[in-house]
file protein32.cif (mmCIF, C-alpha atoms)
data_my_file
loop_
_atom_site.label_atom_id
_atom_site.label_comp_id
_atom_site.auth_asym_id
_atom_site.auth_seq_id
_atom_site.Cartn_x
_atom_site.Cartn_y
_atom_site.Cartn_z
CA MET A 9 -32.58 -12.98 -6.50
CA GLY A 10 -34.67 -10.87 -8.89
CA SER A 11 -33.00 -7.69 -10.08
CA THR A 12 -30.16 -7.89 -7.55
CA THR A 13 -26.89 -7.12 -9.32
CA PHE A 14 -23.48 -8.69 -8.87
CA LEU A 15 -22.32 -5.39 -7.33
CA GLN A 16 -25.03 -5.62 -4.66
CA VAL A 17 -24.17 -9.25 -3.95
CA LEU A 18 -20.49 -8.37 -3.63
CA CYS A 19 -21.33 -5.48 -1.28
CA MET A 20 -23.34 -7.86 0.92
CA ALA A 21 -20.44 -10.32 0.90
CA ILE A 22 -18.05 -7.57 1.99
CA VAL A 23 -20.36 -6.66 4.87
CA GLY A 24 -20.25 -10.31 5.89
CA LEU A 25 -16.47 -10.33 5.74
CA GLY A 26 -16.15 -7.08 7.67
CA PHE A 27 -13.24 -4.69 7.51
CA ALA A 28 -9.66 -5.94 7.54
CA ASN A 29 -8.87 -7.33 10.99
CA ALA A 30 -5.46 -5.77 11.28
CA GLU A 31 -5.50 -2.07 11.98
CA VAL A 32 -4.02 -0.17 9.06
CA PRO A 33 -2.58 3.03 10.53
CA ALA A 34 -2.37 4.95 7.24
CA VAL A 35 -2.88 4.76 3.49
CA PHE A 36 -0.50 6.30 0.96
CA VAL A 37 -1.79 6.63 -2.61
CA LEU A 38 0.36 7.25 -5.69
CA GLY A 39 -0.68 7.32 -9.32
CA ASP A 40 -2.58 9.16 -12.04
CA SER A 41 -6.11 10.50 -12.55
CA THR A 42 -7.66 7.17 -11.51
CA ALA A 43 -6.61 8.01 -7.94
CA ASP A 44 -6.21 11.83 -7.98
CA VAL A 45 -8.35 13.50 -5.28
CA GLY A 46 -7.33 17.09 -6.00
CA THR A 47 -3.58 17.23 -6.63
CA ASN A 48 -4.00 18.90 -10.01
CA ASN A 49 -6.11 21.67 -8.44
CA PHE A 50 -2.80 22.99 -7.13
CA LEU A 51 -1.19 23.17 -10.58
CA PRO A 52 -2.21 26.57 -12.00
CA GLY A 53 -2.63 26.74 -15.74
CA PHE A 54 -2.79 22.98 -16.24
CA LYS A 55 -5.85 21.78 -18.13
CA ALA A 56 -6.02 18.17 -16.87
CA ARG A 57 -8.15 18.91 -13.85
CA ALA A 58 -11.70 18.23 -12.74
CA ASP A 59 -12.50 20.87 -10.13
CA PHE A 60 -15.58 22.10 -11.98
CA PRO A 61 -19.10 20.74 -12.50
CA PRO A 62 -20.62 18.41 -13.41
CA ASN A 63 -17.63 16.52 -11.96
CA GLY A 64 -18.52 15.66 -8.37
CA ILE A 65 -22.26 15.82 -8.97
CA ASP A 66 -22.72 12.71 -6.77
CA PHE A 67 -20.04 13.68 -4.23
CA PRO A 68 -21.39 14.98 -0.88
CA HIS A 69 -22.95 18.41 -1.48
CA SER A 70 -22.37 17.88 -5.25
CA ARG A 71 -18.90 19.34 -4.82
CA PRO A 72 -16.29 19.12 -7.62
CA THR A 73 -13.15 18.18 -5.71
CA GLY A 74 -10.72 17.49 -8.54
CA ARG A 75 -11.65 13.83 -8.75
CA PHE A 76 -12.18 12.72 -12.35
CA SER A 77 -15.52 11.23 -11.42
CA ASN A 78 -19.15 11.99 -10.67
CA GLY A 79 -18.32 11.17 -7.04
CA PHE A 80 -15.79 9.09 -5.15
CA ASN A 81 -13.02 7.18 -6.96
CA SER A 82 -11.38 3.82 -6.29
CA ALA A 83 -8.83 5.32 -3.89
CA ASP A 84 -11.73 6.55 -1.76
CA PHE A 85 -13.55 3.23 -1.77
CA LEU A 86 -10.40 1.25 -0.92
CA ALA A 87 -9.78 3.60 1.99
CA MET A 88 -13.40 3.16 3.11
CA LEU A 89 -13.06 -0.62 3.04
CA LEU A 90 -10.06 -0.26 5.34
CA GLY A 91 -12.13 1.74 7.82
CA PHE A 92 -11.32 5.30 6.75
CA LYS A 93 -13.81 8.01 5.76
CA ARG A 94 -12.32 8.38 2.25
CA SER A 95 -8.92 8.80 0.58
CA PRO A 96 -6.43 10.90 2.52
CA LEU A 97 -5.88 14.51 1.42
CA PRO A 98 -3.60 15.47 -1.47
CA PHE A 99 0.03 16.15 -0.58
CA PHE A 100 -0.22 19.81 -1.57
CA ALA A 101 -3.09 20.34 0.89
CA LEU A 102 -0.88 18.96 3.66
CA ALA A 103 2.15 20.90 2.45
CA GLY A 104 0.16 24.09 2.89
CA ASN A 105 -0.67 23.09 6.46
CA PRO A 106 2.12 20.90 7.90
CA LYS A 107 0.38 20.82 11.29
CA LEU A 108 -2.01 18.24 9.81
CA ILE A 109 0.76 15.64 9.94
CA LYS A 110 1.11 16.23 13.70
CA ARG A 111 -2.52 15.42 14.38
CA PRO A 112 -3.47 12.06 15.91
CA SER A 113 -6.03 11.81 13.10
CA PHE A 114 -3.29 11.70 10.43
CA ARG A 115 -4.11 8.73 8.21
CA GLY A 116 -1.87 9.09 5.16
CA VAL A 117 -1.42 11.16 2.00
CA ASN A 118 -2.61 11.01 -1.59
CA PHE A 119 0.09 11.99 -4.12
CA ALA A 120 -1.71 10.91 -7.32
CA SER A 121 -1.73 13.40 -10.18
CA GLY A 122 -3.99 13.22 -13.24
CA GLY A 123 -2.05 12.84 -16.49
CA SER A 124 1.11 11.59 -14.81
CA GLY A 125 3.12 8.52 -15.65
CA ILE A 126 5.94 6.24 -14.64
CA LEU A 127 8.21 8.15 -17.03
CA ASP A 128 9.02 11.76 -16.14
CA ILE A 129 8.24 12.93 -19.67
CA THR A 130 4.68 11.60 -19.67
CA GLY A 131 2.21 14.47 -19.48
CA GLN A 132 4.90 17.14 -19.57
CA THR A 133 4.07 18.92 -22.81
CA ALA A 134 2.60 22.39 -22.40
CA LEU A 135 4.97 25.35 -22.78
CA THR A 136 4.02 28.91 -21.90
CA SER A 137 7.10 30.44 -23.52
CA SER A 138 10.59 29.56 -24.64
CA LEU A 139 11.83 30.41 -21.15
CA SER A 140 9.27 28.89 -18.80
CA SER A 141 6.91 25.94 -18.73
CA VAL A 142 3.62 25.19 -17.04
CA LYS A 143 3.82 22.60 -14.29
CA ASN A 144 1.77 19.91 -15.98
CA VAL A 145 1.71 16.88 -13.74
CA VAL A 146 3.53 15.33 -10.81
CA PRO A 147 5.26 12.23 -12.24
CA LEU A 148 5.68 9.11 -10.12
CA ARG A 149 9.32 9.86 -9.35
CA GLU A 150 8.35 13.25 -7.92
CA GLN A 151 5.44 11.73 -6.00
CA ILE A 152 7.95 9.42 -4.33
CA GLU A 153 10.14 12.43 -3.50
CA GLN A 154 7.08 13.94 -1.81
CA LEU A 155 6.53 10.66 0.06
CA SER A 156 10.16 10.81 1.19
CA ALA A 157 9.59 14.35 2.49
CA VAL A 158 6.55 13.14 4.46
CA HIS A 159 8.68 10.28 5.84
CA ASP A 160 11.33 12.76 6.97
CA ASN A 161 8.76 15.09 8.54
CA ILE A 162 7.16 12.26 10.52
CA THR A 163 10.60 11.08 11.63
CA ALA A 164 11.49 14.60 12.80
CA LEU A 165 8.23 14.84 14.73
CA LYS A 166 7.92 11.35 16.20
CA GLY A 167 11.22 9.55 15.74
CA SER A 168 12.59 6.91 13.40
CA ALA A 169 11.19 3.92 15.31
CA TYR A 170 7.64 5.29 15.05
CA THR A 171 8.05 6.04 11.35
CA GLU A 172 9.45 2.58 10.62
CA ILE A 173 6.45 0.90 12.26
CA LEU A 174 4.00 3.29 10.58
CA PHE A 175 5.37 2.65 7.09
CA SER A 176 5.69 -1.12 7.56
CA LYS A 177 2.05 -1.47 8.65
CA SER A 178 0.50 1.06 6.27
CA LEU A 179 -0.84 0.25 2.81
CA PHE A 180 0.68 1.81 -0.29
CA PHE A 181 -1.56 1.87 -3.37
CA ILE A 182 -0.16 2.65 -6.82
CA SER A 183 -2.38 3.13 -9.89
CA ILE A 184 -0.39 4.32 -12.89
CA GLY A 185 0.84 3.42 -16.39
CA SER A 186 -2.09 4.21 -18.70
CA ASN A 187 -0.72 7.58 -19.75
CA ASP A 188 2.70 6.10 -20.56
CA LEU A 189 1.08 3.55 -22.87
CA LEU A 190 -1.16 6.16 -24.51
CA SER A 191 1.81 8.46 -25.10
CA TYR A 192 3.85 5.68 -26.69
CA PHE A 193 0.93 4.44 -28.82
CA TYR A 194 0.35 7.86 -30.39
CA SER A 195 4.00 8.92 -30.62
CA ASN A 196 4.86 6.93 -33.77
CA SER A 197 8.05 6.04 -31.93
CA SER A 198 10.70 3.98 -33.70
CA VAL A 199 11.33 2.10 -30.44
CA PRO A 200 9.93 -1.44 -30.79
CA LYS A 201 6.94 -2.24 -28.60
CA GLN A 202 8.67 -4.92 -26.55
CA GLU A 203 11.69 -2.70 -25.97
CA PHE A 204 9.45 0.12 -24.71
CA ILE A 205 7.47 -2.18 -22.38
CA SER A 206 10.72 -3.59 -20.99
CA ALA A 207 12.17 -0.10 -20.37
CA LEU A 208 8.91 1.04 -18.74
CA GLY A 209 8.97 -2.02 -16.50
CA LEU A 210 12.57 -1.36 -15.42
CA GLU A 211 11.70 2.24 -14.53
CA TYR A 212 8.62 1.09 -12.59
CA GLU A 213 10.72 -1.46 -10.70
CA LYS A 214 13.18 1.27 -9.75
CA GLN A 215 10.38 3.49 -8.46
CA ILE A 216 8.77 0.69 -6.44
CA MET A 217 12.16 -0.13 -4.93
CA SER A 218 12.44 3.50 -3.80
CA ILE A 219 9.14 3.11 -1.94
CA ILE A 220 10.32 -0.15 -0.37
CA GLU A 221 13.58 1.52 0.72
CA LEU A 222 11.50 4.11 2.60
CA GLY A 223 10.03 1.25 4.64
CA ALA A 224 6.89 0.22 2.74
CA ARG A 225 6.14 -3.49 3.16
CA LYS A 226 2.52 -3.72 1.97
CA ILE A 227 2.07 -2.55 -1.62
CA GLY A 228 -1.06 -2.82 -3.74
CA ILE A 229 -0.47 -2.28 -7.46
CA ILE A 230 -3.42 -1.52 -9.73
CA SER A 231 -2.44 -2.40 -13.29
CA VAL A 232 -3.49 -0.73 -16.55
CA PRO A 233 -7.09 -1.34 -17.70
CA PRO A 234 -8.06 -1.93 -21.35
CA VAL A 235 -7.52 1.73 -22.25
CA GLY A 236 -8.33 0.94 -25.88
CA CYS A 237 -11.96 0.51 -24.81
CA CYS A 238 -12.31 4.01 -23.32
CA PRO A 239 -14.88 6.19 -25.11
CA SER A 240 -12.07 8.48 -26.30
CA GLN A 241 -10.40 5.56 -28.07
CA ARG A 242 -13.58 4.04 -29.50
CA ALA A 243 -14.24 7.46 -31.03
CA PHE A 244 -11.03 7.07 -33.07
CA ASN A 245 -12.02 3.64 -34.33
CA GLU A 246 -14.20 3.65 -37.45
CA SER A 247 -15.96 0.49 -36.30
CA GLY A 248 -16.59 1.88 -32.81
CA GLY A 249 -14.79 -1.08 -31.28
CA CYS A 250 -11.87 -1.09 -28.87
CA LEU A 251 -8.41 -0.18 -30.15
CA GLU A 252 -6.82 -3.61 -29.81
CA GLY A 253 -3.27 -2.36 -30.40
CA LEU A 254 -3.56 -0.22 -27.29
CA ASN A 255 -5.16 -3.05 -25.32
CA ASP A 256 -2.29 -5.35 -26.32
CA LEU A 257 0.14 -2.89 -24.73
CA ALA A 258 -1.89 -2.98 -21.50
CA LEU A 259 -1.87 -6.79 -21.47
CA GLU A 260 1.87 -6.98 -22.06
CA PHE A 261 2.58 -4.40 -19.40
CA HIS A 262 0.49 -6.35 -16.88
CA SER A 263 2.70 -9.40 -17.49
CA THR A 264 5.78 -7.20 -17.02
CA ILE A 265 4.46 -5.86 -13.69
CA ASP A 266 3.65 -9.39 -12.53
CA ALA A 267 7.21 -10.54 -13.26
CA LEU A 268 8.87 -7.53 -11.59
CA LEU A 269 6.76 -7.93 -8.44
CA MET A 270 7.71 -11.61 -8.20
CA LYS A 271 11.34 -10.54 -8.51
CA LEU A 272 11.00 -7.89 -5.79
CA GLY A 273 9.15 -10.38 -3.59
CA SER A 274 12.14 -12.73 -3.77
CA GLU A 275 14.61 -9.93 -3.05
CA TYR A 276 12.67 -8.41 -0.12
CA THR A 277 11.41 -11.42 1.81
CA ASP A 278 9.25 -9.35 4.19
CA LEU A 279 7.47 -7.61 1.28
CA LYS A 280 3.79 -8.39 0.76
CA TYR A 281 2.05 -7.27 -2.40
CA SER A 282 -1.17 -7.53 -4.38
CA LEU A 283 -1.51 -7.00 -8.12
CA GLY A 284 -4.95 -5.97 -9.31
CA ASN A 285 -5.72 -7.09 -12.84
CA THR A 286 -7.98 -4.21 -13.89
CA TYR A 287 -7.72 -5.34 -17.50
CA GLU A 288 -9.49 -8.60 -16.70
CA MET A 289 -11.91 -6.89 -14.32
CA THR A 290 -12.98 -4.29 -16.90
CA ILE A 291 -13.23 -6.64 -19.89
CA ASN A 292 -15.35 -8.93 -17.73
CA VAL A 293 -17.85 -6.11 -17.24
CA ILE A 294 -17.74 -4.91 -20.87
CA ASP A 295 -18.41 -8.42 -22.17
CA ASN A 296 -21.24 -9.09 -19.71
CA PRO A 297 -22.47 -5.81 -18.18
CA PHE A 298 -25.97 -6.66 -16.97
CA PRO A 299 -25.11 -8.87 -13.95
CA PHE A 300 -22.98 -5.97 -12.69
CA GLY A 301 -25.83 -3.49 -13.02
CA PHE A 302 -24.51 -1.61 -16.05
CA LYS A 303 -26.50 -0.86 -19.19
CA GLU A 304 -23.99 1.30 -21.11
CA VAL A 305 -20.33 0.28 -21.35
CA GLN A 306 -19.23 2.09 -24.51
CA THR A 307 -20.48 5.68 -24.33
CA ALA A 308 -19.43 8.03 -21.53
CA CYS A 309 -22.05 9.58 -19.28
CA CYS A 310 -20.51 13.04 -19.69
CA GLY A 311 -18.84 14.38 -22.83
CA ILE A 312 -19.44 15.42 -26.41
CA LYS A 313 -19.77 13.97 -29.92
CA ARG A 314 -19.12 10.30 -30.73
CA PHE A 315 -19.39 8.05 -27.67
CA ASN A 316 -19.25 11.30 -25.63
CA GLY A 317 -15.54 10.68 -26.00
CA GLN A 318 -14.32 13.70 -27.94
CA GLY A 319 -14.27 16.36 -25.28
CA ILE A 320 -13.95 16.85 -21.52
CA CYS A 321 -16.78 16.71 -19.02
CA ASP A 322 -17.69 20.34 -18.33
CA LYS A 323 -20.78 22.57 -18.23
CA ASN A 324 -21.10 22.39 -22.04
CA ALA A 325 -21.00 18.59 -22.23
CA ASN A 326 -23.86 16.13 -22.61
CA LEU A 327 -24.80 14.65 -19.23
CA CYS A 328 -26.68 11.38 -18.82
CA PRO A 329 -29.52 11.33 -16.24
CA ASN A 330 -28.91 7.71 -15.13
CA ARG A 331 -25.27 7.79 -14.06
CA HIS A 332 -25.41 4.49 -12.18
CA ASP A 333 -26.09 2.67 -15.47
CA TYR A 334 -22.80 3.80 -17.07
CA LEU A 335 -19.37 2.22 -16.85
CA PHE A 336 -17.60 5.40 -18.00
CA TRP A 337 -18.05 8.83 -16.51
CA ASP A 338 -16.08 10.76 -19.13
CA LEU A 339 -13.81 10.08 -22.08
CA PHE A 340 -11.31 8.13 -19.93
CA HIS A 341 -12.53 7.59 -16.39
CA PRO A 342 -15.00 5.24 -14.67
CA THR A 343 -18.18 6.34 -12.93
CA MET A 344 -18.40 6.24 -9.16
CA ASN A 345 -20.40 3.01 -9.47
CA ALA A 346 -17.66 1.42 -11.58
CA SER A 347 -14.96 2.64 -9.17
CA LYS A 348 -16.85 1.07 -6.29
CA LEU A 349 -17.04 -2.27 -8.10
CA ALA A 350 -13.30 -2.08 -8.86
CA ALA A 351 -12.42 -1.36 -5.23
CA LEU A 352 -14.64 -4.16 -3.92
CA THR A 353 -13.05 -6.60 -6.36
CA LEU A 354 -9.52 -5.51 -5.44
CA TYR A 355 -10.41 -5.81 -1.77
CA ALA A 356 -12.04 -9.23 -1.75
CA GLY A 357 -11.69 -10.60 -5.28
CA GLU A 358 -10.54 -14.01 -6.46
CA PRO A 359 -7.03 -14.65 -7.90
CA ARG A 360 -8.32 -14.15 -11.44
CA PHE A 361 -8.69 -10.45 -10.59
CA VAL A 362 -6.13 -9.84 -7.84
CA SER A 363 -3.12 -11.96 -6.90
CA PRO A 364 -1.25 -13.51 -5.16
CA ILE A 365 -3.48 -12.14 -2.37
CA ASN A 366 -6.30 -9.61 -2.42
CA PHE A 367 -6.12 -6.22 -0.71
CA LYS A 368 -7.99 -7.42 2.39
CA GLN A 369 -5.45 -10.19 2.86
CA LEU A 370 -2.67 -7.67 2.20
CA ALA A 371 -3.97 -5.45 5.00
CA GLU A 372 -4.03 -8.43 7.37
CA ALA A 373 -0.64 -9.83 6.32
#
call {"tool": "encode", "arguments": {"input": "protein32.cif", "output": "structure tokens"}}
result
Amino acid sequence: MGSTTFLQVLCMAIVGLGFANAEVPAVFVLGDSTADVGTNNFLPGFKARADFPPNGIDFPHSRPTGRFSNGFNSADFLAMLLGFKRSPLPFFALAGNPKLIKRPSFRGVNFASGGSGILDITGQTALTSSLSSVKNVVPLREQIEQLSAVHDNITALKGSAYTEILFSKSLFFISIGSNDLLSYFYSNSSVPKQEFISALGLEYEKQIMSIIELGARKIGIISVPPVGCCPSQRAFNESGGCLEGLNDLALEFHSTIDALLMKLGSEYTDLKYSLGNTYEMTINVIDNPFPFGFKEVQTACCGIKRFNGQGICDKNANLCPNRHDYLFWDLFHPTMNASKLAALTLYAGEPRFVSPINFKQLAEA
């Protein structure tokens, strides 16, 4: 097979499998910066945004769209695998032009907001004065409120029967939790670790139930990766290794998500779900990068100082020339190549990486 990488082999296998057989009418994406396609562009004054170069350098026309990536992210690639051009537009883009929902070409909404979390407080820190605050992020609860508004608008336009069918056949992707764990890890909180993980899991369960109550029946959850191995976290570690305390939180939260989804699956018998184990997927690449086509899995392609992990990716940052060789684009986020591998694995991966069914099987369920 020569220099053919695992990523190329997986791509060829996907082509052989084809797109999901069942037509997925729409995709609804919720989450944080791993899935944000421009939500934070609409939050004036907030610094967690990526609508400036060199972000987007490998996007069509080298356009910085607000994706925390050199190009497309995993939400885009999952949408592509389901037959769409890319991720649907951000909610705020649709809110500014409600006629878009009326179009026959309507194929969903992306609500994901960089820096957001399961908990409302996550990411909400910047104050402009004692009287007013900058709108920092759109937390998951608020994203679901936006989803509810879209549900109501579609119902008003096309009727409740249409909306019920649309939501039951559509796919709902959720990628969130990293920022909650990071906030807790650095907060020096007196709340014991297990108590925090349990409380976070209960809140997540409540939010997922809200989505189910709106009519969602096919939900793909993307769990927290080994955030302790991000360049920003390696930079804090004297040895340059991963911060294992942070990774332990990610592992424990994955187990919590697994248990809560099993519980919801027993309570809602028509619910189908997939849980992507991005912890296992990412560690697998870090431990053995070459078969996947990666040469650098510690240092970010774009950033400054140690591991390029001590500053954002902007015009003043170091920029690697060989972006396809890197696992990390910036101090936290994967490159487009890594996002593609993640999406392909979620879509057609084995139970070690995505269970109880993969996203292709979820689409066809």
call {"tool": "closest_residue", "arguments": {"input": "protein32.cif", "among": "A:Ser282, A:Ser70, A:Thr307, A:Gln215", "to": "Ala243 (chain A)", "atoms": "only C-alpha atoms"}}
result
A:Thr307
call {"tool": "atom_distance", "arguments": {"input": "protein32.cif", "atom1": "CA of Gly39 (chain A)", "atom2": "CA of Asn245 (chain A)"}}
result
27.7 Å
call {"tool": "atom_distance", "arguments": {"input": "protein32.cif", "atom1": "CA of Ile220 (chain A)", "atom2": "CA of Ile109 (chain A)"}}
result
21.1 Å
call {"tool": "resolve_selection", "arguments": {"input": "protein32.cif", "expression": "the PyMOL selection byres ((chain A and resi 184) around 9)", "output": "PDB file with C-alpha atoms, in the coordinates of the input"}}
result
ATOM      1  CA  LEU A  38       0.360   7.250  -5.690  1.00  0.00           C
ATOM      2  CA  GLY A  39      -0.680   7.320  -9.320  1.00  0.00           C
ATOM      3  CA  ASP A  40      -2.580   9.160 -12.040  1.00  0.00           C
ATOM      4  CA  SER A  41      -6.110  10.500 -12.550  1.00  0.00           C
ATOM      5  CA  THR A  42      -7.660   7.170 -11.510  1.00  0.00           C
ATOM      6  CA  ALA A  43      -6.610   8.010  -7.940  1.00  0.00           C
ATOM      7  CA  ALA A 120      -1.710  10.910  -7.320  1.00  0.00           C
ATOM      8  CA  SER A 124       1.110  11.590 -14.810  1.00  0.00           C
ATOM      9  CA  GLY A 125       3.120   8.520 -15.650  1.00  0.00           C
ATOM     10  CA  ILE A 126       5.940   6.240 -14.640  1.00  0.00           C
ATOM     11  CA  LEU A 148       5.680   9.110 -10.120  1.00  0.00           C
ATOM     12  CA  ILE A 182      -0.160   2.650  -6.820  1.00  0.00           C
ATOM     13  CA  SER A 183      -2.380   3.130  -9.890  1.00  0.00           C
ATOM     14  CA  GLY A 185       0.840   3.420 -16.390  1.00  0.00           C
ATOM     15  CA  SER A 186      -2.090   4.210 -18.700  1.00  0.00           C
ATOM     16  CA  ASN A 187      -0.720   7.580 -19.750  1.00  0.00           C
ATOM     17  CA  ASP A 188       2.700   6.100 -20.560  1.00  0.00           C
ATOM     18  CA  ILE A 229      -0.470  -2.280  -7.460  1.00  0.00           C
ATOM     19  CA  ILE A 230      -3.420  -1.520  -9.730  1.00  0.00           C
ATOM     20  CA  SER A 231      -2.440  -2.400 -13.290  1.00  0.00           C
ATOM     21  CA  VAL A 232      -3.490  -0.730 -16.550  1.00  0.00           C
TER      22      VAL A 232
END
call {"tool": "closest_residue", "arguments": {"input": "protein32.cif", "among": "A:Ile219, A:Val199, A:Leu165, A:Leu127", "to": "Val37 (chain A)", "atoms": "all atoms listed in the file"}}
result
A:Ile219
call {"tool": "closest_residue", "arguments": {"input": "protein32.cif", "among": "A:Cys321, A:Leu174, A:Leu179, A:Leu335", "to": "Ala371 (chain A)", "atoms": "all atoms listed in the file"}}
result
A:Leu179
call {"tool": "closest_residue", "arguments": {"input": "protein32.cif", "among": "A:Glu304, A:Glu211, A:Glu172, A:Glu288", "to": "Gly357 (chain A)", "atoms": "all atoms listed in the file"}}
result
A:Glu288
call {"tool": "axis_aligned_box", "arguments": {"input": "protein32.cif", "around": "region 288-291 of chain A", "padding_each_side": "8 Å", "output": "lines of an AutoDock Vina configuration file"}}
result
center_x = -11.4
center_y = -6.4
center_z = -17.1
size_x = 19.7
size_y = 20.3
size_z = 21.6
call {"tool": "closest_residue", "arguments": {"input": "protein32.cif", "among": "A:Met217, A:Leu90, A:Leu259, A:Ile294", "to": "Ala356 (chain A)", "atoms": "only C-alpha atoms"}}
result
A:Leu90
call {"tool": "atom_distance", "arguments": {"input": "protein32.cif", "atom1": "CA of Val45 (chain A)", "atom2": "CA of Phe67 (chain A)"}}
result
11.7 Å
call {"tool": "residues_around", "arguments": {"input": "protein32.cif", "residues": "Gly236 (chain A)", "least_positions_apart": "3", "cutoff": "9 Å", "atoms": "only C-alpha atoms", "output": "NGL selection string"}}
result
:A and (190 or 233 or 239-242 or 249-256 or 258)
call {"tool": "residues_near_point", "arguments": {"input": "protein32.cif", "point": "(-11.7, 11.4, -21.9)", "cutoff": "6 Å", "atoms": "only C-alpha atoms", "output": "PyMOL selection string"}}
result
chain A and resi 240+317+320+338-340
call {"tool": "closest_residue", "arguments": {"input": "protein32.cif", "among": "A:Glu260, A:Gly301, A:Tyr212, A:Phe361", "to": "Leu283 (chain A)", "atoms": "only C-alpha atoms"}}
result
A:Phe361
call {"tool": "resolve_selection", "arguments": {"input": "protein32.cif", "expression": "the PyMOL selection byres ((chain A and resi 51-53) around 9)", "output": "PyMOL selection string"}}
result
chain A and resi 47-50+54-55+57+142-145
call {"tool": "residues_around", "arguments": {"input": "protein32.cif", "residues": "Pro329 (chain A)", "least_positions_apart": "3", "cutoff": "10 Å", "atoms": "only C-alpha atoms", "output": "list of chain:residue names"}}
result
A:Cys309, A:Cys310, A:Asn326, A:His332, A:Asp333
call {"tool": "write_last_selection", "arguments": {"input": "protein32.cif", "atoms": "C-alpha atoms", "output": "PDB file, keeping the file's coordinate frame"}}
result
ATOM      1  CA  CYS A 309     -22.050   9.580 -19.280  1.00  0.00           C
ATOM      2  CA  CYS A 310     -20.510  13.040 -19.690  1.00  0.00           C
ATOM      3  CA  ASN A 326     -23.860  16.130 -22.610  1.00  0.00           C
ATOM      4  CA  HIS A 332     -25.410   4.490 -12.180  1.00  0.00           C
ATOM      5  CA  ASP A 333     -26.090   2.670 -15.470  1.00  0.00           C
TER       6      ASP A 333
END
call {"tool": "closest_atom_pairs", "arguments": {"input": "protein32.cif", "of": "region 76-145 of chain A", "to": "region 61-66 of chain A", "cutoff": "9 Å", "atoms": "all atoms listed in the file", "output": "tab-separated table"}}
result
residue	atom	partner	partner_atom	distance
A:Phe76	CA	A:Asn63	CA	6.7
A:Ser77	CA	A:Asn63	CA	5.7
A:Asn78	CA	A:Gly64	CA	4.4
A:Gly79	CA	A:Asp66	CA	4.7
A:Phe80	CA	A:Gly64	CA	7.8
call {"tool": "resolve_selection", "arguments": {"input": "protein32.cif", "expression": "the PyMOL selection byres ((chain A and resi 94) around 8)", "output": "list of chain:residue names"}}
result
A:Ala83, A:Asp84, A:Phe85, A:Ala87, A:Met88, A:Phe92, A:Lys93, A:Ser95, A:Pro96
call {"tool": "residues_around", "arguments": {"input": "protein32.cif", "residues": "Tyr355 (chain A)", "least_positions_apart": "5", "cutoff": "8 Å", "atoms": "all atoms listed in the file", "output": "PyMOL selection string"}}
result
chain A and resi 86+89+366-368
